[in-house]
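To start, the structure under review is shown below, and the notes come after it.
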Amino acid sequence: MTHVGGLSLLQRTLYAAQRAGIREGLVLLTEPWPEAEACIRTDPKNVAFSPLVLSPPSGREEAARSRLASFRCEDFLFLSGAWLVDREVLRDLCGTEGPLRAPALVKPARPPAGEDAVPPAALVPAATAPAFLDALKEGDTVRAAARLAENHGNTEELLLEEPKLFPVRSRAECERAEDGLLRGLIKPTESFLSQKFERRISLAITRRLLYSPVTPNLITVFSVLIGLASALLFIGDSRIAHVIGALLLLLSSIIDGCDGELARLKYQESRLGSLLDFLGDNLVHMAVFFCIGFGLALRGEGSVYLWLGVTSALGVLGSAGAVFWRMFLKADSVFTFSTPVRVEGMALAQGKLRRQIDFADKISNRDFIYLILVLAAAGGLWIYAWLSALGSAFYFIYLLYLYRRMSSLKQASPAGGA
């Protein structure tokens, strides 16, 4: 069985369908395939899906049509096993606010040579599902589309390119799809240093962990331990130790990126995982900021640095508490802390408020780690002690200001998703 990104193609397709809102379905097989049938039946995540072989003995086609008729829904979504469709596209197709309505076909904008007859995805009205099933079984895409158009008027088409749609009919295509999935994990809102340096290393690590038993939560714990160890190195008076501490902090940040990458690629996102990642990040930042100030005070630079360290830690704690209350407690599913306000809330913000939210995103990135490294090497950690105290306090107050502004907007529904 072919694999992409740490999962079999079948698993990845079924997981993506479920994330799109499809709660049950059939896996239609043209011939007996014990490995695929076992994959479906033994995976607890796929209990609502069942395999159905369409080849002889006779009667199985009728069983498929009967099972389709038992589903109570307005539309059916057919997915081809020869293509990998982005889960966000599937979510749009299946969502009540999606851009397409049945009948609709998803097609590659640039069909590869030797394209399969079955379209990557087709959204059809429930009444036409059996007829469409027959057409797909005969391998005639044109006939299937024509039947949809004849019965229900114009058929909408959605033409997709990579990374929204990948052919996965050969090992080479699967490898290209895996590369595309990895590249798709880089967020456009990330800083230049994060995209060009940290992500390159974290994605290389993640690629090597895809087929290992390592879990995202285990990576999170490991990165937090490295981050806490780095904080302790700032207490002593050795400049070399300070540089090593800054490098360990950078390593912790890089490894911390792997947990989310692995979780998203293998559909292992969880509410516990997102909470663990969020709390771990802020715990490390609090420890580092405090230890920098505490170390300066111990080295005789003045008690003011102890209070700067405490102020920095309290600023991080206050900001983390505000974001936790604003985002996590109001979400009823998996959530990623990618912005200081809830995602739906961002959609309501316009003009100056939206620019202020974007500013909060930019100043909350981890590029401060590079500043710590430079100042540690130059013997200027006292500068960072002042910057972190002022910056942490400012960010906390700025978040409270943003949340007050957001409260005047229409209340958004709890955010979820990954």
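Residue numbers start at 1 in each chain; chains themselves are named A, B, ... in the order of the structure tokens; ligands are numbered from 1 in the order shown.
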Determine which residues of segment 202-324 of chain A DSSP labels as helix (DSSP H, G or I) from the backbone of this structure, then write them out as number ranges by chain.
-> A: 202-209, 216-232, 239-265, 271-298, 304-324
Taking into account only C-alpha atoms, which residue in the set A:Met406, A:Leu159, A:Ile201, A:Leu133 is nearest to Lys352 of chain A?
->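 For Lys352 of chain A, the nearest of the candidates is A:Met406.
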Pick from A:Arg41, A:Arg183, A:Arg12, A:Arg264: nearest to Pro216 of chain A, with only C-alpha atoms counted?
->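 Of the candidates, the smallest distance to Pro216 of chain A is held by A:Arg264.
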Counting only C-alpha atoms, figure out which residue out of A:Leu68, A:Cys258, A:Leu272, A:Leu228 gets nearest to Thr206 of chain A.
->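 Answer, going by the shortest atom-to-atom distance: A:Cys258.
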Just asking: which residues within segment 129-296 of chain A are strand (DSSP E or B) according to DSSP, as a list in words?
->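 Residues meeting the strand (DSSP E or B) criterion: Glu156, Glu157, Leu158, Leu159, Leu160, Leu165, Phe166 and Pro167 of chain A.
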Compile the contact shell of Leu314 of chain A as a PyMOL selection string: residues with an atom at most 10 Å away, counting only C-alpha atoms, same-chain residues fewer than 6 positions apart removed.
-> chain A and resi 286+289-290+308+320+389+392-393+396
Restricted to C-alpha atoms, what would the selected residues look like written as a short mmCIF file (atom, residue, chain, number, x, y, z; two decimals), in the first residue's frame?
```
data_model
loop_
_atom_site.label_atom_id
_atom_site.label_comp_id
_atom_site.auth_asym_id
_atom_site.auth_seq_id
_atom_site.Cartn_x
_atom_site.Cartn_y
_atom_site.Cartn_z
CA MET A 286 9.04 32.85 31.28
CA PHE A 289 13.41 35.88 30.69
CA PHE A 290 13.50 35.42 34.45
CA LEU A 308 13.21 43.16 35.32
CA ALA A 320 -0.61 33.81 27.99
CA ALA A 389 10.62 43.64 30.57
CA SER A 392 6.41 41.85 27.72
CA ALA A 393 4.55 44.51 29.65
CA PHE A 396 0.20 42.34 27.67
#
```
Surrounding residues of Leu265 of chain A excluding itself and chain neighbours under 6 positions, 12 Å, only C-alpha atoms, as a ChimeraX atom specification = /A:4-8,11-12,15-16,86-87,177-185,203,206-207,209-211,215-216,258-259,418
Please indicate the distance in Å from atom CA of Leu77 of chain A to atom CA of Leu123 of chain A, rounded to one decimal place.
->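 Computing the Euclidean distance for atom CA of Leu77 of chain A and atom CA of Leu123 of chain A yields 4.5 Å.
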Quick one: residues within 7 Å of Leu306 of chain A, only C-alpha atoms counted, chain neighbours fewer than 5 positions away excluded, as number ranges by chain?
-> A: 293-294, 297
